[in-house]
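Have a look at the structure below, then the notes.
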Amino acid sequence: MDPGFYQISSIGFLPESCLRTLPPQFTHIQPLLDNFSTPDMEFFRSLVHALPKYNVQDYSTKTLSLEEKRFLYSIFTMMSQKYVWGSGNGTPEQVIPAEIGVPILELSKDLGIAPVMTYAGSILYNWSLIDETQPLTLDNLKVNYKLTEGSAYEWFCIVHTAIEAHGGRILEQILNLHRDMREFNNTAIKATIKEVNQVIQDTAPLLGRMYERCSPQDFWAFRFYFEGTNMKEAFPNGLHVEGFEDEKIHYRGASGGQSSLMQIFDAFFAVEHEGHSKEFLDEMRDYMPGAHRKFLEDFRNGPTLKEYVRDCDDEEVVALFKQGIDCFTGYRQFHYRLVHDYIFQVVKNKLAAEETEAKRETGEKKENEQHLYKKNEFGTGGTDPRIFLQEVIKDTRVTKELGKERLIDEKPVKVPEVKIMSLRMGFDTNQLQNVLFSLAVAVAGTFLVRLLL
């Protein structure tokens, strides 16, 4: 499997670097980039309305490089989310101006990705190094264009970018897994499983650093920017781009389920999801860059490591595989705890506070009371995260069982070909000689008796 064909770099699904400068034909949107994080939504929308009328001939995306297309897709989709959702406390806009909407429709087709802000647009294609002479680590990352002024939004994004970079270093070995299994190269397979296990084990502490600079309260101040456009209550007539009324922008919001890294871990261990979790994760591939989606599909169509382990006589391979399932299950359990703190607990506290306030019937509001743009636990991807995460944890854990086919004391015994016939008859050559001798004695005895009579 060729990493270049699947647009996989030395740091995995991340590009080697992200552009920050507009192509010449798009320099007219520079004022928007200069004010990308402004909290003044009236001013931001006025900048959008002031853009020159969009003309496909003047602003064609066909001649752009892959890097330019990724960059423009990232900023236009984020720009659209900001324009539509505003400050998150009111009715969202129902129409995206053509000046920022038409490029999204074109770029998404070129990249094979949904025309909406995705995990790829906000996490994979919108980062750079603080110090380019130093390695890519969480503390050396920054976001190129932020939707808010606060540092919490940036920290939220680069934590995920750092996870992608950390996990991306083992993609080359995963790419070679099918070859190693065909060649029964247990040495290489064991090395790959060890690397994958270590990466997953390191990912939970990296995700845990979210608490350092982005509190659950901070998260809710910008969470609405990751929301989808498929909510009937928010978009009763469907969101669309100006001039494209029949082409509805009816999509789920950005979600961790759109991470190709997490889905390749699923594919690596052959975790089999069922029901709603399977449907959701399968759908999330439509929100990935087309080349990454193709990689997942091709990898899944090949032989699975789980089947190889099940039939393997090398117990170290089996032990490492089961250790990996434990690591992956542990990561998903930690992710559940983080979602509990950042979503479940915040919603619970807010509803409890409102109930207490209602009982007092004072009608007064605290000056520092936090506003929540919605009061349910549903994720930005549109799922119930409590049910979804519990399902994927269960699905991951049961993978360790390897299936009933692998039973320790029931390995098939290979019978030497020379003995098959005698075994089918129920006796071997020595037994045959004994039978023939006994028969000869019996015949001779019968002949002797007749002579005597």
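By order of appearance in the structure tokens: chains A, B, ..., then residues from 1 within every chain, and ligands from 1 in the order shown.
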May I have the residues within 12 Å of stretch 213-217 of chain A as a PyMOL selection string, using only C-alpha atoms and disregarding those fewer than 3 positions away in the same chain? chain A and resi 139+150-159+207-210+220-223+338-347+349-350+368-372
For the residues in that selection, give me C-alpha atoms as a compact mmCIF listing (two decimals), in the first residue's frame.
```txt
# COMPACT_ATOMS: atom_id res chain seq x y z
CA ASP A 139 3.63 22.53 23.32
CA GLY A 150 -9.68 32.95 23.68
CA SER A 151 -6.85 30.46 24.05
CA ALA A 152 -9.20 27.60 24.98
CA TYR A 153 -10.38 27.08 21.40
CA GLU A 154 -6.80 26.88 20.16
CA TRP A 155 -5.84 24.41 22.89
CA PHE A 156 -8.86 22.22 22.13
CA CYS A 157 -7.81 22.00 18.47
CA ILE A 158 -4.08 21.43 18.91
CA VAL A 159 -4.60 18.67 21.48
CA LEU A 207 -5.91 13.78 25.53
CA GLY A 208 -5.94 14.33 29.29
CA ARG A 209 -3.95 17.51 28.83
CA MET A 210 -7.20 19.06 27.56
CA TRP A 220 -19.25 25.32 25.83
CA ALA A 221 -18.32 28.88 24.85
CA PHE A 222 -17.35 27.68 21.35
CA ARG A 223 -18.81 24.19 21.04
CA LEU A 338 -13.60 13.18 29.56
CA VAL A 339 -16.93 13.44 27.70
CA HIS A 340 -18.66 12.98 31.05
CA ASP A 341 -16.83 15.99 32.46
CA TYR A 342 -17.14 18.20 29.38
CA ILE A 343 -20.72 17.39 28.35
CA PHE A 344 -22.77 15.22 30.71
CA GLN A 345 -21.81 17.01 33.91
CA VAL A 346 -22.14 20.51 32.42
CA VAL A 347 -25.65 19.81 31.14
CA ASN A 349 -25.35 21.13 36.47
CA LYS A 350 -27.11 23.62 34.22
CA ASN A 368 -22.01 35.35 35.73
CA GLU A 369 -24.51 32.65 34.83
CA GLN A 370 -23.26 30.57 31.92
CA HIS A 371 -25.39 30.42 28.81
CA LEU A 372 -25.66 27.04 27.11
```
Quick one: everything within 10 Å of stretch 23-36 of chain A, counting only C-alpha atoms, minus sequence neighbours fewer than 3 positions away in the same chain. Send it as a VMD selection string. chain A and resid 19 to 20 39 to 40 43 to 48 50 to 52 58 to 61 64 to 65 68 to 69 71 to 72 75 to 76 78 to 79 82 99 to 100 144 to 149
Take the residues from that selection and put them in a file with N, CA and C atoms, as an mmCIF file, in the first residue's frame.
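What ended up in selection_32.cif:
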```
data_model
loop_
_atom_site.group_PDB
_atom_site.id
_atom_site.type_symbol
_atom_site.label_atom_id
_atom_site.label_comp_id
_atom_site.auth_asym_id
_atom_site.auth_seq_id
_atom_site.Cartn_x
_atom_site.Cartn_y
_atom_site.Cartn_z
ATOM 1 N N LEU A 19 -0.645 25.543 4.621
ATOM 2 C CA LEU A 19 -0.485 26.884 4.073
ATOM 3 C C LEU A 19 -1.169 27.914 4.970
ATOM 4 N N ARG A 20 -0.648 29.140 4.917
ATOM 5 C CA ARG A 20 -1.255 30.243 5.665
ATOM 6 C C ARG A 20 -1.460 31.479 4.794
ATOM 7 N N PRO A 39 -15.187 38.702 18.068
ATOM 8 C CA PRO A 39 -16.466 38.339 18.681
ATOM 9 C C PRO A 39 -17.618 39.209 18.168
ATOM 10 N N ASP A 40 -17.295 40.248 17.402
ATOM 11 C CA ASP A 40 -18.308 41.157 16.868
ATOM 12 C C ASP A 40 -18.907 40.540 15.607
ATOM 13 N N PHE A 43 -20.027 42.861 12.696
ATOM 14 C CA PHE A 43 -18.888 43.311 11.903
ATOM 15 C C PHE A 43 -18.402 42.192 10.984
ATOM 16 N N PHE A 44 -18.300 40.978 11.517
ATOM 17 C CA PHE A 44 -17.825 39.849 10.718
ATOM 18 C C PHE A 44 -18.747 39.604 9.530
ATOM 19 N N ARG A 45 -20.041 39.615 9.779
ATOM 20 C CA ARG A 45 -20.991 39.378 8.681
ATOM 21 C C ARG A 45 -20.957 40.511 7.665
ATOM 22 N N SER A 46 -20.686 41.715 8.131
ATOM 23 C CA SER A 46 -20.597 42.846 7.188
ATOM 24 C C SER A 46 -19.397 42.674 6.256
ATOM 25 N N LEU A 47 -18.312 42.073 6.774
ATOM 26 C CA LEU A 47 -17.151 41.802 5.923
ATOM 27 C C LEU A 47 -17.489 40.774 4.844
ATOM 28 N N VAL A 48 -18.295 39.781 5.215
ATOM 29 C CA VAL A 48 -18.727 38.784 4.238
ATOM 30 C C VAL A 48 -19.573 39.436 3.161
ATOM 31 N N ALA A 50 -19.519 42.409 2.166
ATOM 32 C CA ALA A 50 -18.739 43.373 1.383
ATOM 33 C C ALA A 50 -17.840 42.712 0.339
ATOM 34 N N LEU A 51 -17.768 41.387 0.343
ATOM 35 C CA LEU A 51 -16.916 40.689 -0.624
ATOM 36 C C LEU A 51 -17.418 40.919 -2.046
ATOM 37 N N PRO A 52 -16.505 40.987 -3.015
ATOM 38 C CA PRO A 52 -16.948 41.144 -4.406
ATOM 39 C C PRO A 52 -17.787 39.948 -4.834
ATOM 40 N N ASP A 58 -13.526 33.825 -12.226
ATOM 41 C CA ASP A 58 -12.483 34.597 -11.554
ATOM 42 C C ASP A 58 -11.864 33.847 -10.385
ATOM 43 N N TYR A 59 -12.666 32.993 -9.736
ATOM 44 C CA TYR A 59 -12.202 32.346 -8.509
ATOM 45 C C TYR A 59 -12.231 30.814 -8.632
ATOM 46 N N SER A 60 -11.880 30.305 -9.772
ATOM 47 C CA SER A 60 -11.913 28.863 -9.992
ATOM 48 C C SER A 60 -10.905 28.156 -9.089
ATOM 49 N N THR A 61 -11.288 26.961 -8.612
ATOM 50 C CA THR A 61 -10.408 26.170 -7.747
ATOM 51 C C THR A 61 -9.677 25.066 -8.530
ATOM 52 N N LEU A 64 -5.757 25.009 -8.596
ATOM 53 C CA LEU A 64 -5.071 25.077 -7.305
ATOM 54 C C LEU A 64 -4.345 23.777 -6.993
ATOM 55 N N SER A 65 -3.286 23.869 -6.201
ATOM 56 C CA SER A 65 -2.570 22.684 -5.732
ATOM 57 C C SER A 65 -3.373 22.023 -4.614
ATOM 58 N N GLU A 68 -3.214 24.117 -1.482
ATOM 59 C CA GLU A 68 -4.078 25.296 -1.551
ATOM 60 C C GLU A 68 -5.542 24.932 -1.361
ATOM 61 N N LYS A 69 -5.951 23.820 -1.939
ATOM 62 C CA LYS A 69 -7.341 23.381 -1.793
ATOM 63 C C LYS A 69 -7.648 23.040 -0.337
ATOM 64 N N PHE A 71 -6.179 24.244 2.341
ATOM 65 C CA PHE A 71 -6.181 25.499 3.091
ATOM 66 C C PHE A 71 -7.494 26.250 2.892
ATOM 67 N N LEU A 72 -7.918 26.414 1.637
ATOM 68 C CA LEU A 72 -9.147 27.146 1.359
ATOM 69 C C LEU A 72 -10.379 26.410 1.884
ATOM 70 N N ILE A 75 -10.536 27.180 5.713
ATOM 71 C CA ILE A 75 -10.961 28.517 6.148
ATOM 72 C C ILE A 75 -12.377 28.854 5.676
ATOM 73 N N PHE A 76 -12.760 28.395 4.472
ATOM 74 C CA PHE A 76 -14.111 28.705 3.997
ATOM 75 C C PHE A 76 -15.175 27.975 4.805
ATOM 76 N N MET A 78 -14.880 26.946 7.981
ATOM 77 C CA MET A 78 -14.924 27.571 9.307
ATOM 78 C C MET A 78 -15.599 28.935 9.231
ATOM 79 N N MET A 79 -15.305 29.672 8.176
ATOM 80 C CA MET A 79 -15.915 30.971 7.955
ATOM 81 C C MET A 79 -17.437 30.842 7.844
ATOM 82 N N LYS A 82 -19.013 30.202 11.251
ATOM 83 C CA LYS A 82 -19.058 31.427 12.041
ATOM 84 C C LYS A 82 -20.180 32.331 11.538
ATOM 85 N N GLU A 99 -20.487 34.086 -1.964
ATOM 86 C CA GLU A 99 -19.077 34.456 -1.933
ATOM 87 C C GLU A 99 -18.236 33.527 -1.062
ATOM 88 N N ILE A 100 -18.839 32.939 -0.041
ATOM 89 C CA ILE A 100 -18.100 31.975 0.782
ATOM 90 C C ILE A 100 -18.658 30.564 0.640
ATOM 91 N N ASN A 144 -3.622 28.183 13.079
ATOM 92 C CA ASN A 144 -3.389 29.286 12.151
ATOM 93 C C ASN A 144 -4.515 30.318 12.178
ATOM 94 N N TYR A 145 -5.754 29.828 12.145
ATOM 95 C CA TYR A 145 -6.903 30.736 12.155
ATOM 96 C C TYR A 145 -7.925 30.234 13.174
ATOM 97 N N LYS A 146 -8.232 31.098 14.140
ATOM 98 C CA LYS A 146 -9.093 30.721 15.258
ATOM 99 C C LYS A 146 -10.485 31.341 15.099
ATOM 100 N N LEU A 147 -11.499 30.585 15.500
ATOM 101 C CA LEU A 147 -12.869 31.080 15.450
ATOM 102 C C LEU A 147 -13.203 31.977 16.627
ATOM 103 N N THR A 148 -12.410 31.922 17.690
ATOM 104 C CA THR A 148 -12.641 32.754 18.867
ATOM 105 C C THR A 148 -11.325 33.405 19.292
ATOM 106 N N GLU A 149 -11.432 34.408 20.134
ATOM 107 C CA GLU A 149 -10.231 35.105 20.613
ATOM 108 C C GLU A 149 -9.520 34.359 21.734
#
```
Let me make sure I understand: among A:Lys278, A:Ser37, A:Lys400, A:Gly101, which one has the smallest atom-to-atom distance to A:Glu247 if we use only C-alpha atoms?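 So, comparing all the options, the nearest one is A:Gly101.
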Could you jot down the atom CA of A:Gly167 to atom CA of A:Asp202 separation for me, Å, one decimal place? 9.2 Å
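For A:Phe184, the non-local neighbours within 12 Å, defined as residues at least 2 positions apart in the same chain or in other chains and counting only C-alpha atoms, are Leu177, His178, Arg179, Asp180, Met181, Arg182, Asn186, Thr187, Ala188, Ile189, Lys190, Leu305, Tyr308, Val309, Asp311, Cys312, Asp313, Asp314 and Val317 of chain A.
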10 Å contact set for A:Val271, only C-alpha atoms, chain neighbours under 3 positions out, as an MDAnalysis selection string: chainID A and resid 263 265:268 274 304 306 325 392 395:400
Just want the 10 Å neighbourhood of A:Glu106, counted on only C-alpha atoms, with same-chain residues fewer than 2 positions away dropped. Output as a PyMOL selection string. chain A and resi 56+60-62+69+73+101-104+108-111+115
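Note that atom CA of A:Pro15 and atom CA of A:Met1 are 18.1 Å apart.
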Go ahead and compute the interatomic distance for atom CA of A:Glu67 and atom CA of A:Tyr225, in Å to one decimal. 24.0 Å
Among the residues of stretch 69-232 of chain A, find those DSSP assigns to strand (DSSP E or B) from the backbone and print them as a list in words.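 Those in stretch 69-232 of chain A that DSSP calls strand (DSSP E or B) are Val95, Ile96, Trp127, Ser128, Leu129, Leu141, Lys142 and Val143 of chain A.
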Using DSSP on the backbone coordinates, identify all residues within stretch 168-238 of chain A classified as helix (DSSP H, G or I); present the result as an mmCIF file with N, CA and C atoms, in the first residue's frame.
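Generated file (out-v4.cif):
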```
data_model
loop_
_atom_site.group_PDB
_atom_site.id
_atom_site.type_symbol
_atom_site.label_atom_id
_atom_site.label_comp_id
_atom_site.auth_asym_id
_atom_site.auth_seq_id
_atom_site.Cartn_x
_atom_site.Cartn_y
_atom_site.Cartn_z
ATOM 1 N N GLY A 168 0.358 9.200 13.960
ATOM 2 C CA GLY A 168 0.730 9.077 12.558
ATOM 3 C C GLY A 168 2.058 8.397 12.324
ATOM 4 N N LEU A 171 1.790 4.701 11.050
ATOM 5 C CA LEU A 171 0.969 4.344 9.900
ATOM 6 C C LEU A 171 1.755 3.561 8.843
ATOM 7 N N GLU A 172 3.039 3.875 8.695
ATOM 8 C CA GLU A 172 3.837 3.151 7.703
ATOM 9 C C GLU A 172 3.904 1.664 8.026
ATOM 10 N N GLN A 173 4.036 1.338 9.323
ATOM 11 C CA GLN A 173 4.060 -0.074 9.712
ATOM 12 C C GLN A 173 2.697 -0.729 9.490
ATOM 13 N N ILE A 174 1.637 0.022 9.763
ATOM 14 C CA ILE A 174 0.298 -0.512 9.535
ATOM 15 C C ILE A 174 0.089 -0.769 8.044
ATOM 16 N N LEU A 175 0.622 0.122 7.212
ATOM 17 C CA LEU A 175 0.525 -0.060 5.762
ATOM 18 C C LEU A 175 1.162 -1.371 5.313
ATOM 19 N N LEU A 177 1.321 -4.154 7.119
ATOM 20 C CA LEU A 177 0.813 -5.296 7.891
ATOM 21 C C LEU A 177 0.357 -6.444 6.995
ATOM 22 N N HIS A 178 -0.395 -6.155 5.951
ATOM 23 C CA HIS A 178 -0.901 -7.220 5.086
ATOM 24 C C HIS A 178 0.244 -8.008 4.443
ATOM 25 N N ARG A 179 1.284 -7.297 4.017
ATOM 26 C CA ARG A 179 2.450 -7.971 3.448
ATOM 27 C C ARG A 179 3.101 -8.870 4.491
ATOM 28 N N ASP A 180 3.255 -8.361 5.709
ATOM 29 C CA ASP A 180 3.903 -9.143 6.767
ATOM 30 C C ASP A 180 3.092 -10.385 7.115
ATOM 31 N N MET A 181 1.765 -10.272 7.065
ATOM 32 C CA MET A 181 0.930 -11.438 7.364
ATOM 33 C C MET A 181 1.021 -12.472 6.242
ATOM 34 N N ARG A 182 1.069 -12.010 5.003
ATOM 35 C CA ARG A 182 1.202 -12.954 3.875
ATOM 36 C C ARG A 182 2.511 -13.724 3.950
ATOM 37 N N ASN A 186 6.356 -13.000 11.678
ATOM 38 C CA ASN A 186 5.926 -12.720 13.047
ATOM 39 C C ASN A 186 6.804 -11.690 13.744
ATOM 40 N N THR A 187 8.060 -11.627 13.379
ATOM 41 C CA THR A 187 8.951 -10.637 13.988
ATOM 42 C C THR A 187 8.471 -9.224 13.678
ATOM 43 N N ALA A 188 8.159 -8.963 12.403
ATOM 44 C CA ALA A 188 7.664 -7.642 12.001
ATOM 45 C C ALA A 188 6.278 -7.371 12.587
ATOM 46 N N ILE A 189 5.437 -8.396 12.616
ATOM 47 C CA ILE A 189 4.079 -8.237 13.140
ATOM 48 C C ILE A 189 4.121 -7.887 14.627
ATOM 49 N N LYS A 190 4.974 -8.567 15.366
ATOM 50 C CA LYS A 190 5.103 -8.268 16.799
ATOM 51 C C LYS A 190 5.611 -6.841 17.018
ATOM 52 N N ALA A 191 6.563 -6.413 16.205
ATOM 53 C CA ALA A 191 7.091 -5.046 16.332
ATOM 54 C C ALA A 191 5.996 -4.023 16.049
ATOM 55 N N THR A 192 5.157 -4.296 15.047
ATOM 56 C CA THR A 192 4.070 -3.371 14.699
ATOM 57 C C THR A 192 3.034 -3.296 15.815
ATOM 58 N N ILE A 193 2.642 -4.450 16.338
ATOM 59 C CA ILE A 193 1.640 -4.447 17.411
ATOM 60 C C ILE A 193 2.179 -3.707 18.635
ATOM 61 N N LYS A 194 3.446 -3.924 18.955
ATOM 62 C CA LYS A 194 4.049 -3.222 20.096
ATOM 63 C C LYS A 194 3.994 -1.714 19.900
ATOM 64 N N GLU A 195 4.331 -1.248 18.690
ATOM 65 C CA GLU A 195 4.320 0.186 18.401
ATOM 66 C C GLU A 195 2.910 0.752 18.506
ATOM 67 N N VAL A 196 1.943 0.056 17.921
ATOM 68 C CA VAL A 196 0.549 0.512 17.980
ATOM 69 C C VAL A 196 0.072 0.564 19.425
ATOM 70 N N ASN A 197 0.384 -0.472 20.186
ATOM 71 C CA ASN A 197 -0.026 -0.506 21.599
ATOM 72 C C ASN A 197 0.550 0.680 22.362
ATOM 73 N N GLN A 198 1.829 0.988 22.120
ATOM 74 C CA GLN A 198 2.473 2.084 22.829
ATOM 75 C C GLN A 198 1.850 3.431 22.454
ATOM 76 N N VAL A 199 1.552 3.601 21.173
ATOM 77 C CA VAL A 199 0.926 4.852 20.721
ATOM 78 C C VAL A 199 -0.428 5.046 21.390
ATOM 79 N N ILE A 200 -1.244 4.000 21.406
ATOM 80 C CA ILE A 200 -2.570 4.104 22.023
ATOM 81 C C ILE A 200 -2.437 4.366 23.520
ATOM 82 N N GLN A 201 -1.470 3.705 24.147
ATOM 83 C CA GLN A 201 -1.245 3.893 25.582
ATOM 84 C C GLN A 201 -0.848 5.343 25.888
ATOM 85 N N ASP A 202 -0.099 5.968 24.983
ATOM 86 C CA ASP A 202 0.340 7.349 25.185
ATOM 87 C C ASP A 202 -0.746 8.368 24.855
ATOM 88 N N THR A 203 -1.777 7.940 24.131
ATOM 89 C CA THR A 203 -2.786 8.881 23.643
ATOM 90 C C THR A 203 -3.691 9.397 24.760
ATOM 91 N N ALA A 204 -4.047 8.551 25.708
ATOM 92 C CA ALA A 204 -4.921 8.988 26.805
ATOM 93 C C ALA A 204 -4.295 10.129 27.618
ATOM 94 N N PRO A 205 -3.027 10.028 28.052
ATOM 95 C CA PRO A 205 -2.422 11.155 28.766
ATOM 96 C C PRO A 205 -2.367 12.427 27.917
ATOM 97 N N LEU A 206 -2.166 12.257 26.611
ATOM 98 C CA LEU A 206 -2.139 13.416 25.719
ATOM 99 C C LEU A 206 -3.518 14.067 25.652
ATOM 100 N N LEU A 207 -4.546 13.253 25.522
ATOM 101 C CA LEU A 207 -5.913 13.777 25.535
ATOM 102 C C LEU A 207 -6.242 14.403 26.884
ATOM 103 N N GLY A 208 -5.688 13.817 27.943
ATOM 104 C CA GLY A 208 -5.941 14.330 29.291
ATOM 105 C C GLY A 208 -5.398 15.731 29.524
ATOM 106 N N MET A 210 -6.112 18.133 27.896
ATOM 107 C CA MET A 210 -7.198 19.059 27.563
ATOM 108 C C MET A 210 -7.574 19.908 28.769
ATOM 109 N N TYR A 211 -7.539 19.317 29.962
ATOM 110 C CA TYR A 211 -7.944 20.021 31.186
ATOM 111 C C TYR A 211 -7.048 21.216 31.507
ATOM 112 N N GLU A 212 -5.815 21.209 31.003
ATOM 113 C CA GLU A 212 -4.854 22.252 31.376
ATOM 114 C C GLU A 212 -5.285 23.656 30.962
ATOM 115 N N ARG A 213 -5.810 23.795 29.730
ATOM 116 C CA ARG A 213 -6.102 25.136 29.220
ATOM 117 C C ARG A 213 -7.467 25.274 28.567
ATOM 118 N N PRO A 216 -14.292 22.581 30.928
ATOM 119 C CA PRO A 216 -15.615 22.278 30.369
ATOM 120 C C PRO A 216 -16.430 23.539 30.089
ATOM 121 N N GLN A 217 -16.306 24.549 30.940
ATOM 122 C CA GLN A 217 -17.035 25.799 30.726
ATOM 123 C C GLN A 217 -16.494 26.530 29.494
ATOM 124 N N ASP A 218 -15.169 26.517 29.328
ATOM 125 C CA ASP A 218 -14.573 27.119 28.133
ATOM 126 C C ASP A 218 -15.090 26.427 26.874
ATOM 127 N N PHE A 219 -15.176 25.117 26.944
ATOM 128 C CA PHE A 219 -15.590 24.317 25.786
ATOM 129 C C PHE A 219 -16.969 24.734 25.289
ATOM 130 N N TRP A 220 -17.885 24.972 26.228
ATOM 131 C CA TRP A 220 -19.248 25.321 25.832
ATOM 132 C C TRP A 220 -19.347 26.722 25.237
ATOM 133 N N ARG A 223 -18.402 25.502 21.537
ATOM 134 C CA ARG A 223 -18.812 24.186 21.041
ATOM 135 C C ARG A 223 -19.797 24.288 19.874
ATOM 136 N N PHE A 224 -20.642 25.296 19.868
ATOM 137 C CA PHE A 224 -21.674 25.418 18.836
ATOM 138 C C PHE A 224 -21.076 25.561 17.432
ATOM 139 N N TYR A 225 -19.821 26.020 17.345
ATOM 140 C CA TYR A 225 -19.208 26.147 16.029
ATOM 141 C C TYR A 225 -18.970 24.789 15.367
ATOM 142 N N PHE A 226 -18.989 23.722 16.150
ATOM 143 C CA PHE A 226 -18.781 22.380 15.608
ATOM 144 C C PHE A 226 -20.101 21.671 15.310
#
```
Polymer residues at most 8 Å from A:Tyr6, only C-alpha atoms, same-chain spacing of 2 or more positions, as a list in words: Asp2, Pro3, Gly4, Ile8, Ala291, His292, Lys294 and Phe295 of chain A
Can you tell me, as a compact mmCIF listing (two decimals) with C-alpha atoms, in the first residue's frame, what residues are no more than 7 Å from A:Gly88 when counting only C-alpha atoms, ignoring any on the same chain fewer than 2 positions away?
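The result, written out as result33.txt:
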```txt
# COMPACT_ATOMS: atom_id res chain seq x y z
CA TRP A 85 -24.04 30.33 13.97
CA GLY A 86 -22.94 33.81 15.00
CA GLY A 90 -30.01 33.02 18.49
CA PHE A 224 -21.67 25.42 18.84
CA TYR A 373 -26.69 27.13 23.47
```
